[in-house]
Each structure stands twice: as C-alpha cells, then as structure tokens.
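*Asks:* Dropping in upload-v5.txt, which is compact mmCIF, C-alpha atoms:
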```txt
# COMPACT_ATOMS: atom_id res chain seq x y z
CA MET A 133 62.46 -13.38 77.06
CA CYS A 134 63.41 -9.71 76.83
CA LEU A 135 65.99 -7.26 78.13
CA ALA A 136 64.97 -4.66 80.69
CA GLY A 137 67.48 -2.26 82.20
CA GLY A 138 70.44 -4.47 81.30
CA SER A 139 68.98 -7.58 82.95
CA ILE A 140 67.33 -10.61 81.47
CA VAL A 141 63.63 -11.03 82.24
CA THR A 142 62.37 -14.50 81.42
CA GLY A 143 58.78 -14.03 82.55
CA ARG A 144 58.86 -17.39 84.31
CA ARG A 145 56.87 -17.77 87.50
CA PRO A 146 58.78 -19.03 90.55
CA GLY A 147 58.35 -22.63 91.60
CA GLY A 148 55.71 -23.80 94.02
CA LEU A 149 58.01 -24.09 97.04
CA ARG A 150 59.61 -20.71 96.37
CA SER A 151 56.15 -19.15 96.00
CA LEU A 152 55.14 -20.59 99.37
CA TYR A 153 58.23 -19.13 101.04
CA ARG A 154 57.53 -15.72 99.51
CA GLY A 155 53.86 -15.76 100.43
CA GLU A 156 52.77 -15.56 96.78
CA GLN A 157 50.82 -18.81 96.76
CA GLN A 158 47.84 -19.66 98.92
CA ILE A 159 46.83 -23.23 99.81
CA ASP A 160 43.18 -24.19 100.08
CA PHE A 161 43.37 -26.06 103.38
CA PRO A 162 39.60 -26.73 103.74
CA ARG A 163 39.70 -28.69 100.49
CA LEU A 164 42.70 -30.68 101.73
CA TRP A 165 41.01 -31.40 105.07
CA ARG A 166 38.67 -33.90 103.38
CA ARG A 167 41.56 -35.92 101.98
CA ALA A 168 43.47 -35.60 105.23
CA LEU A 169 40.48 -37.00 107.12
CA ILE A 170 40.56 -40.12 104.98
CA GLY A 171 44.32 -40.51 105.50
CA SER A 172 44.05 -39.99 109.27
CA LEU A 173 41.20 -42.48 109.59
CA ALA A 174 43.18 -45.04 107.60
CA ALA A 175 46.28 -44.52 109.80
CA VAL A 176 44.23 -44.82 112.99
CA VAL A 177 42.46 -47.98 111.77
CA VAL A 178 45.78 -49.58 110.81
CA SER A 179 47.27 -48.64 114.18
CA VAL A 180 44.34 -49.99 116.19
CA ALA A 181 44.28 -53.19 114.11
CA SER A 182 48.00 -53.66 114.71
CA PHE A 183 47.46 -53.19 118.45
CA GLY A 184 44.87 -55.98 118.43
CA ILE A 185 46.74 -58.39 116.14
CA ARG A 186 50.44 -57.85 116.85
CA GLY A 187 50.38 -55.85 120.05
CA VAL A 188 53.33 -53.71 121.12
CA ASP A 189 56.82 -54.84 122.01
CA LEU A 190 57.18 -53.59 125.59
CA GLY A 191 60.63 -53.40 127.09
CA ILE A 192 61.79 -55.36 130.08
CA GLU A 193 61.14 -52.34 132.31
CA PHE A 194 57.40 -52.71 131.66
CA GLU A 195 56.94 -56.47 131.40
CA GLY A 196 59.60 -57.71 133.80
CA GLY A 197 61.97 -60.62 133.21
CA THR A 198 65.72 -61.09 132.76
CA SER A 199 68.04 -59.63 130.16
CA TRP A 200 71.60 -60.75 129.28
CA GLU A 201 74.01 -58.68 127.19
CA ILE A 202 77.38 -59.91 125.99
CA PRO A 203 80.00 -58.71 123.48
CA ALA A 204 79.84 -61.33 120.73
CA PRO A 205 80.99 -59.94 117.35
CA GLY A 206 80.19 -62.20 114.43
CA THR A 207 77.66 -64.30 116.39
CA SER A 208 74.32 -64.75 114.68
CA VAL A 209 70.90 -65.00 116.29
CA ALA A 210 70.52 -68.61 115.10
CA GLU A 211 73.81 -69.62 116.77
CA ALA A 212 72.73 -67.98 120.02
CA ARG A 213 69.39 -69.77 119.95
CA ASP A 214 71.11 -73.13 119.41
CA ALA A 215 73.42 -72.44 122.36
CA LEU A 216 70.42 -71.74 124.61
CA GLY A 217 68.60 -74.93 123.66
CA GLY A 218 69.19 -76.74 126.97
CA THR A 219 68.82 -73.79 129.32
CA GLY A 220 65.05 -73.28 129.27
CA ALA A 221 65.44 -70.02 127.32
CA SER A 222 65.18 -71.46 123.82
CA ASP A 223 62.17 -69.20 123.07
CA ALA A 224 63.93 -66.06 124.33
CA LYS A 225 63.96 -62.82 122.40
CA ILE A 226 67.44 -62.38 120.87
CA GLN A 227 68.75 -59.16 119.32
CA THR A 228 72.07 -57.92 117.96
CA LEU A 229 72.93 -54.38 119.07
CA GLY A 230 75.35 -52.34 117.03
CA GLY A 231 76.66 -55.47 115.29
CA ASP A 232 78.92 -56.63 118.14
CA THR A 233 76.64 -56.97 121.20
CA LEU A 234 74.13 -59.74 121.77
CA ARG A 235 71.04 -59.19 123.90
CA VAL A 236 68.89 -62.06 125.17
CA ARG A 237 65.63 -61.49 127.00
CA ALA A 238 63.57 -64.23 128.62
CA ASP A 239 60.98 -64.60 131.34
CA ILE A 240 62.66 -67.13 133.58
CA GLU A 241 63.03 -67.18 137.36
CA GLY A 242 65.52 -68.57 139.79
CA PRO A 243 69.27 -67.95 140.16
CA GLU A 244 70.18 -71.38 138.74
CA ALA A 245 68.27 -70.78 135.48
CA VAL A 246 69.80 -67.30 135.16
CA ASP A 247 73.33 -68.69 135.73
CA SER A 248 72.80 -71.46 133.18
CA VAL A 249 71.97 -68.89 130.48
CA ARG A 250 74.99 -66.82 131.53
CA ARG A 251 77.33 -69.79 131.19
CA ALA A 252 75.89 -70.78 127.81
CA LEU A 253 76.34 -67.29 126.41
CA ALA A 254 79.86 -66.95 127.83
CA GLU A 255 80.84 -70.26 126.23
CA LEU A 256 79.32 -69.19 122.91
CA ALA A 257 81.25 -65.90 122.84
CA GLY A 258 84.45 -67.37 124.32
CA VAL A 259 84.50 -65.00 127.32
CA THR A 260 84.21 -65.37 131.07
CA GLY A 261 80.90 -65.25 132.89
CA ASP A 262 81.78 -61.90 134.46
CA GLU A 263 81.63 -60.24 131.04
CA VAL A 264 77.95 -61.15 130.67
CA SER A 265 75.73 -58.31 131.94
CA VAL A 266 72.54 -59.52 133.64
CA THR A 267 69.50 -57.34 134.43
CA THR A 268 66.48 -58.71 136.28
CA VAL A 269 63.24 -56.77 136.66
CA GLY A 270 60.36 -58.08 138.73
CA PRO A 271 56.83 -58.03 137.29
CA SER A 272 55.54 -55.82 140.13
CA TRP A 273 58.13 -53.15 139.41
CA GLY A 274 57.27 -53.24 135.70
CA ALA A 275 53.56 -52.84 136.51
CA GLU A 276 54.39 -49.89 138.76
CA ILE A 277 56.38 -48.16 136.00
CA THR A 278 53.52 -48.74 133.54
CA ALA A 279 51.01 -47.21 135.96
CA LYS A 280 53.23 -44.17 136.52
CA ALA A 281 53.62 -43.62 132.78
CA ARG A 282 49.84 -43.82 132.32
CA ASN A 283 49.22 -41.38 135.18
CA ALA A 284 51.78 -38.95 133.77
CA LEU A 285 50.01 -39.06 130.41
CA LEU A 286 46.58 -38.38 131.96
CA ALA A 287 47.95 -35.51 134.06
CA PHE A 288 49.55 -34.08 130.93
CA PHE A 289 46.22 -34.15 129.09
CA ALA A 290 44.34 -32.52 131.98
CA LEU A 291 46.83 -29.68 132.46
CA ILE A 292 47.04 -28.91 128.76
CA ALA A 293 43.25 -28.90 128.39
CA VAL A 294 42.85 -26.46 131.30
CA TYR A 295 45.62 -24.18 129.99
CA ILE A 296 44.25 -23.95 126.43
CA ALA A 297 40.67 -23.49 127.68
CA VAL A 298 41.76 -20.57 129.88
CA ARG A 299 44.27 -19.08 127.45
CA LEU A 300 42.12 -19.44 124.32
CA GLU A 301 38.77 -21.25 124.50
CA TRP A 302 37.42 -24.70 125.30
CA LYS A 303 36.72 -25.62 121.67
CA MET A 304 40.37 -25.08 120.85
CA ALA A 305 41.27 -27.27 123.83
CA VAL A 306 39.10 -30.03 122.37
CA GLY A 307 40.75 -29.68 118.97
CA ALA A 308 44.24 -29.77 120.51
CA LEU A 309 43.46 -32.91 122.53
CA VAL A 310 41.99 -34.64 119.49
CA ALA A 311 45.20 -33.87 117.59
CA VAL A 312 47.38 -35.16 120.45
CA VAL A 313 45.40 -38.40 120.73
CA HIS A 314 45.75 -38.79 116.96
CA ASP A 315 49.52 -38.30 117.26
CA ILE A 316 49.84 -40.88 120.06
CA VAL A 317 47.76 -43.52 118.31
CA VAL A 318 49.62 -43.12 115.00
CA SER A 319 53.07 -42.98 116.64
CA VAL A 320 52.50 -46.02 118.84
CA GLY A 321 50.88 -47.74 115.86
CA PHE A 322 54.11 -47.17 113.94
CA TYR A 323 55.99 -48.94 116.74
CA SER A 324 53.43 -51.76 116.71
CA VAL A 325 53.56 -52.27 112.94
CA PHE A 326 57.36 -52.41 112.81
CA GLN A 327 57.70 -54.06 116.25
CA PHE A 328 60.08 -51.51 117.70
CA GLU A 329 60.63 -51.93 121.42
CA ILE A 330 58.91 -49.43 123.73
CA THR A 331 61.14 -48.49 126.65
CA PRO A 332 61.11 -45.66 129.22
CA ALA A 333 63.21 -43.65 126.76
CA THR A 334 60.44 -44.10 124.19
CA VAL A 335 57.82 -42.89 126.67
CA ILE A 336 59.92 -39.78 127.33
CA ALA A 337 60.12 -39.22 123.58
CA PHE A 338 56.33 -39.56 123.28
CA LEU A 339 55.83 -36.91 125.98
CA THR A 340 58.33 -34.69 124.16
CA ILE A 341 56.56 -34.95 120.81
CA MET A 342 53.20 -34.29 122.44
CA GLY A 343 54.60 -31.05 123.80
CA TYR A 344 55.98 -30.20 120.34
CA SER A 345 52.64 -30.95 118.67
CA LEU A 346 50.78 -28.79 121.16
CA TYR A 347 53.23 -25.95 120.65
CA ASP A 348 52.61 -26.01 116.91
CA THR A 349 48.84 -26.21 117.47
CA ILE A 350 48.81 -23.25 119.87
CA VAL A 351 50.77 -21.17 117.34
CA VAL A 352 48.03 -21.87 114.78
CA TYR A 353 45.26 -21.10 117.26
CA ASP A 354 46.89 -17.86 118.38
CA LYS A 355 47.17 -16.69 114.79
CA VAL A 356 43.53 -17.50 114.00
CA ARG A 357 42.44 -15.64 117.13
CA GLU A 358 44.37 -12.61 115.88
CA VAL A 359 42.77 -12.86 112.44
CA VAL A 360 39.28 -13.30 113.88
CA GLY A 361 39.76 -10.25 116.08
CA ARG A 362 40.70 -8.14 113.05
CA VAL A 363 38.15 -9.12 110.42
CA SER A 364 35.26 -10.95 112.08
CA ALA A 365 33.47 -7.68 112.82
CA THR A 366 33.09 -7.04 109.09
CA GLY A 367 30.84 -10.09 108.74
CA ARG A 368 32.42 -10.88 105.35
CA TYR A 369 34.36 -14.02 106.29
CA THR A 370 33.29 -17.41 107.58
CA TYR A 371 35.35 -18.98 110.34
CA THR A 372 36.72 -21.57 107.90
CA GLU A 373 37.99 -18.81 105.61
CA MET A 374 39.68 -17.05 108.51
CA MET A 375 41.23 -20.33 109.63
CA ASN A 376 42.48 -20.88 106.08
CA LEU A 377 44.12 -17.44 106.01
CA SER A 378 45.75 -18.11 109.39
CA LEU A 379 47.14 -21.46 108.27
CA ASN A 380 48.66 -19.90 105.17
CA GLN A 381 50.38 -17.32 107.35
CA VAL A 382 51.92 -19.86 109.75
CA LEU A 383 52.52 -22.64 107.22
CA MET A 384 56.16 -21.92 106.44
CA ARG A 385 56.90 -21.23 110.08
CA SER A 386 55.63 -24.71 110.96
CA VAL A 387 57.51 -26.31 108.08
CA ASN A 388 60.78 -24.55 108.92
CA THR A 389 60.46 -25.43 112.61
CA SER A 390 59.87 -29.07 111.72
CA ILE A 391 62.83 -29.21 109.35
CA THR A 392 65.21 -27.65 111.86
CA SER A 393 63.94 -30.07 114.51
CA VAL A 394 64.19 -33.19 112.36
CA ILE A 395 67.77 -32.55 111.16
CA PRO A 396 69.53 -32.95 114.55
CA VAL A 397 67.23 -35.82 115.56
CA ALA A 398 67.94 -37.62 112.28
CA SER A 399 71.65 -37.07 112.83
CA MET A 400 71.32 -38.59 116.29
CA LEU A 401 69.43 -41.53 114.82
CA ILE A 402 71.90 -42.23 112.02
CA ILE A 403 75.19 -41.52 113.78
CA GLY A 404 74.25 -42.46 117.32
CA SER A 405 72.39 -45.69 116.68
CA PHE A 406 73.66 -47.08 113.37
CA VAL A 407 77.29 -45.89 113.58
CA LEU A 408 77.99 -45.90 117.31
CA GLY A 409 75.50 -48.63 118.19
CA ALA A 410 73.77 -46.71 120.99
CA VAL A 411 70.39 -48.48 121.25
CA THR A 412 68.93 -45.95 123.68
CA LEU A 413 69.52 -43.19 121.14
CA GLN A 414 67.73 -45.24 118.49
CA GLU A 415 64.70 -45.80 120.72
CA PHE A 416 64.52 -42.09 121.51
CA ALA A 417 65.27 -40.74 118.03
CA VAL A 418 62.80 -42.92 116.12
CA ALA A 419 59.95 -41.74 118.33
CA LEU A 420 61.00 -38.11 117.92
CA VAL A 421 61.24 -38.26 114.12
CA VAL A 422 57.85 -39.95 113.79
CA GLY A 423 56.29 -37.59 116.33
CA ILE A 424 57.58 -34.39 114.75
CA VAL A 425 56.25 -35.34 111.32
CA VAL A 426 52.88 -36.50 112.65
CA GLY A 427 52.62 -33.53 115.01
CA THR A 428 53.15 -30.98 112.25
CA TYR A 429 50.55 -32.72 110.11
CA SER A 430 47.95 -32.87 112.89
CA SER A 431 48.35 -29.18 113.75
CA LEU A 432 47.46 -28.14 110.20
CA PHE A 433 44.96 -30.83 109.23
CA VAL A 434 43.41 -32.22 112.42
CA ALA A 435 43.37 -29.56 115.15
CA ALA A 436 42.46 -26.76 112.74
CA ALA A 437 39.73 -28.78 111.02
CA VAL A 438 38.10 -29.80 114.33
CA VAL A 439 37.94 -26.22 115.61
CA ALA A 440 36.66 -24.86 112.28
CA ARG A 441 33.88 -27.46 112.19
CA MET A 442 32.82 -26.67 115.76
CA LYS A 443 32.94 -22.89 115.31
CA GLU A 444 30.94 -22.98 112.07
CA ARG A 445 28.01 -24.35 114.10
CA GLU A 446 27.83 -21.26 116.31
CA PRO A 447 24.78 -19.09 115.51
CA ALA A 448 26.87 -16.03 114.66
CA TYR A 449 28.94 -17.87 112.04
CA VAL A 450 25.88 -19.72 110.71
CA GLU A 451 24.29 -16.33 110.07
CA ILE A 452 27.45 -15.00 108.38
CA ALA A 453 27.69 -18.07 106.12
CA GLU A 454 24.04 -17.72 105.12
CA ARG A 455 24.42 -14.01 104.41
CA ILE A 456 27.53 -14.64 102.27
CA ARG A 457 25.73 -17.39 100.37
CA LEU A 458 22.76 -15.15 99.57
CA ARG A 459 24.85 -12.28 98.25
CA GLY A 460 27.48 -14.48 96.60
CA ALA A 461 26.78 -13.52 93.01
CA SER A 462 26.74 -9.78 93.58
CA ALA A 463 29.83 -9.92 95.81
CA ASP A 464 31.78 -11.80 93.13
CA SER A 465 30.77 -9.33 90.41
CA GLU A 466 31.82 -6.32 92.47
CA GLY A 467 35.14 -7.97 93.30
CA THR A 468 35.37 -6.15 96.63
CA ARG A 469 34.71 -8.88 99.15
CA THR A 470 38.11 -10.53 99.25
CA VAL A 471 40.54 -7.73 98.38
CA ALA A 472 39.90 -5.47 101.38
CA ALA A 473 39.72 -8.31 103.89
CA ASP A 474 42.79 -10.05 102.49
CA ASP A 475 44.80 -6.83 102.73
CA ALA A 476 43.68 -6.39 106.33
CA VAL A 477 44.55 -9.96 107.26
CA LEU A 478 47.61 -10.74 105.19
CA GLY A 479 49.31 -7.40 105.78
CA SER A 480 50.92 -4.98 103.38
CA SER A 481 53.94 -7.19 102.58
CA ALA A 482 51.85 -10.18 101.54
CA ALA A 483 49.32 -7.98 99.75
CA THR A 484 52.03 -6.45 97.56
CA LYS A 485 53.17 -9.91 96.55
CA ARG A 486 49.76 -10.90 95.20
CA SER A 487 49.90 -11.71 91.50
CA THR A 488 49.14 -8.69 89.32
CA ALA A 489 47.30 -10.92 86.91
CA ALA A 490 44.59 -11.53 89.51
CA ARG A 491 44.00 -7.79 89.97
CA LYS A 492 42.25 -5.31 87.73
CA PRO A 493 44.45 -2.78 85.93
CA ALA A 494 44.70 0.57 87.66
CA SER A 495 43.07 2.32 84.72
CA ALA A 496 40.12 -0.06 84.80
CA ALA A 497 39.74 0.46 88.54
CA ARG A 498 39.75 4.20 88.12
CA THR A 499 37.23 3.94 85.29
CA SER A 500 34.85 1.82 87.34
CA THR A 501 35.20 4.15 90.31
CA ALA A 502 34.53 7.19 88.17
CA ALA A 503 31.49 5.53 86.67
CA ALA A 504 30.11 4.64 90.07
CA ILE A 505 30.54 8.15 91.56
CA PRO A 506 28.86 10.97 89.57
CA PRO A 507 30.78 14.27 89.20
CA ARG A 508 29.93 17.27 91.35
CA PRO A 509 27.73 19.92 89.67
CA ARG A 510 29.57 23.08 88.74
CA LYS A 511 28.69 26.32 90.44
CA LYS A 512 27.23 29.04 88.26
CA LYS A 513 29.31 32.14 87.93
CA LYS A 514 27.74 35.37 89.09
CA ARG A 515 27.34 37.95 86.40
```
Take the structure I supplied and represent it as structure tokens, if you would.
*Replies:*
Amino acid sequence: MCLAGGSIVTGRRPGGLRSLYRGEQQIDFPRLWRRALIGSLAAVVVSVASFGIRGVDLGIEFEGGTSWEIPAPGTSVAEARDALGGTGASDAKIQTLGGDTLRVRADIEGPEAVDSVRRALAELAGVTGDEVSVTTVGPSWGAEITAKARNALLAFFALIAVYIAVRLEWKMAVGALVAVVHDIVVSVGFYSVFQFEITPATVIAFLTIMGYSLYDTIVVYDKVREVVGRVSATGRYTYTEMMNLSLNQVLMRSVNTSITSVIPVASMLIIGSFVLGAVTLQEFAVALVVGIVVGTYSSLFVAAAVVARMKEREPAYVEIAERIRLRGASADSEGTRTVAADDAVLGSSAATKRSTAARKPASAARTSTAAAIPPRPRKKKKR
C-alpha cells in the first residue's frame, strides 16, 4: 500500500463480479460450453424420465372433471378425505389454498354424486351448501383446450423460425429453436418433478418465457453478426472466437435484464401466492421464474454453441481455422494477432480497460518497432 496524490492505493484487483461489470474480465465461453452440454443433457434426461414415470399434473381445464372449493380454515387434508369416504370421491385430489381454502378435485359424474360431495364438505366446514363453489368441466372441452394450446405452440415455433431465418440466417433460426425446445423441456420437467399443477395460466407463462428466451437469443445473434461484419474480413478470427467476443459484450446486459425481470416476478410469487393466497399468481409466477433463469442460460450456452458448431463447418471458416493453426506459433510470438482485432471488436472503452500487465511496456514496443524498421539513409550534403 502506498500514498499517491493524497489518496490510498492498495494495489488490489477488483473482484470478479466488479471486473465483469467493468468489462475488465473476459470469460472463455467455448470452454464452458462443454460443461454446459453435460448439464443440459442431464436436465433433459431427468425431465423426460419424469414425464414417463410421474407424468405431469394437468389442471381440470385440460383433463376435465369436477372441482369443489370451500373456506375451511384449520381443516386438514386427512380430515377432508375422511369426510368424503362415503361419497365416491375418497380418492380425490385434495389441496389447501392459502391456508384457509380447501380444494377437492375428482372425476365423478352425475348431479347426485356432485351434490353428495358438496353436502359432505359443507358439513365438514360447518357452512351451508351455497358457500361451496363447484366447477365442472367436460372431457371434450378439456381436450379442445389442450389441442388449442398445442396448435398455438406449433404456430409460435413456425413464425419465430421464419422471422429469424429472414432477419438473420437459417442456422441461427435452428439454434434459437433448439434453445426454446430445451427451455420448454426443462421447465415442464421442473413441473413434473415437483408435481406442480399445469393450468391455462401456466401455458400463458410458458409462452411468455419462450418469447423472453428468444429475445435474449436474438440480442446475442445480432451482436455476433455485428462482430462478424467488422472483423471476419481480416481472416484472423474463427467463428467461435467471434462468438466468444460477442457473448462477453452482451453478458452483463443479459444478466441485468434477467435480474430486473426476476425481482418483480419473485415479489409476485412470494407476496401474491404465499401471503395473499392467490393460487393463480403462484401458477404463473413459478413458470416465469424458472423460464427466465433457464432462458438466460440457454441463450448463452445452448443457442450460441449450436450456431458456432454449425458455422465452423462452413468451408470459409474451416479454411480460416486451418490457416490460424498453421501460423499459430509465429502469430503468438509477434503478439499482433489478438490486440488489433480485440480493439476493433471490443471498442475503445473496453480496450482501455484491458489489464496493463498483459501488454508490453511502451518503451519495449517502441524498441521492437524501431528494430523492425531500419532508419532512412541520410542524404549527402553537396560541397
């Protein structure tokens, strides 16, 4: 520690997060892609296995049946199941909502069976039968809603693929769709593992998070297109390196966007569902929180990796990679390959923040330049 100009200079480097915010630290995304691939495959396998073993808990709107809701503070699920023992709904699904509302769902038909469950619940809670809310959904209507949700999802995929293919290129459309499918499988797998109920509100949330994930992915793709347009003509960078530079430029933007999106959704989840007991808010907020986190991850580690792998197989980038490999030793010794291209890509503000320890001293640079360029011969004076 020393004093300089009346201030204390500790010589300590800023922390990792602060360095990321300032643009002083670069992340090697291609190296992380390999680990991310293992994590994504594991999450997808767990999700698919959960689909096959446990299935998903579809709401009454999709499966059909009858639902009863009644204000019954202090009533446990076991007491409600005992009360329904002689009504034919002993195997019903029973939930407590917000701590003071009881929900019973069963697949029974006929007005007499529905009224018997209503009377049993009213007697259990000590209220009249009019205070028991009954909702009946036919199986045909539930199948129709399921078909409409599926068609909306397919139309969403088709429109997004066409837009990205026209706006950017078809390989980026493939990468974006792979990332969206990854997000859906992992998000629905989360609901399957923890047996959260999937309702129309959940489907709306899934469509919302798919749009958010695609927005983040398009931001990444637009940045890499800008970088490729500026430095690809030099033939000094592979597509993976340009993708890595682009991801480092948009990393904190993606992180900040995700944080500012998660905060209000988490507030809605905690206050709306756990404090106020609004079940619809819980169904919507859980899907949004999971989707935002998974969507941010897939934009950086799935969509980008897929496009980089596909582009590296193009003949032009195969030739660039081979040329860089052949001259690797000489390029490293000259130390000129990365500095000029990084300054062109990262911009003057990020270039000035590069650590001085990684650069040569100015005197050494001048010495090497002087040694490489011979002096001009002096003109002879006329006598």
*Asks:* As an exercise, work out the distance from CA of Ile395 in chain A to CA of Val356 in chain A in Å and give it to one decimal place.
*Replies:*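 Interatomic distance here is 28.7 Å.
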*Asks:* Between A:Ala204, A:Val320, A:Leu377, A:Val418, which is the closest to Thr233 in chain A once you count all atoms listed in the file?
*Replies:*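 Nearest to Thr233 in chain A: A:Ala204.
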*Asks:* Please, what distance in Å, to one decimal, runs between CA of Thr372 in chain A and CA of Ala440 in chain A?
*Replies:* 5.5 Å
*Asks:* Which is closest to Tyr371 in chain A among A:Met384, A:Leu346, A:Val318, A:Val450, if we use all atoms listed in the file?
*Replies:*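 For Tyr371 in chain A, the nearest of the candidates is A:Val450.
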*Asks:* Name the residues, using the chain letters and numbers of the file, that sit within 12 Å of (55.1, -50.8, 136.0) when counting only C-alpha atoms, and give them as a list in words.
*Replies:*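 It turns out the residues near that spot are Leu190, Gly191, Ile192, Glu193, Phe194, Glu195, Gly196, Val269, Gly270, Pro271, Ser272, Trp273, Gly274, Ala275, Glu276, Ile277, Thr278, Ala279, Lys280, Ala281, Arg282, Asn283, Thr331 and Pro332 of chain A.
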*Asks:* CA of Ser378 in chain A and CA of Gln158 in chain A, how far apart in Å?
*Replies:*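 CA of Gln158 in chain A sits 10.8 Å away from CA of Ser378 in chain A.
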*Asks:* Name the residues in contact with Val335 in chain A at a cut-off of 9 Å, using only C-alpha atoms, excluding same-chain residues fewer than 5 positions from it; report them as a ChimeraX atom specification.
*Replies:* /A:281,330,340,416,419
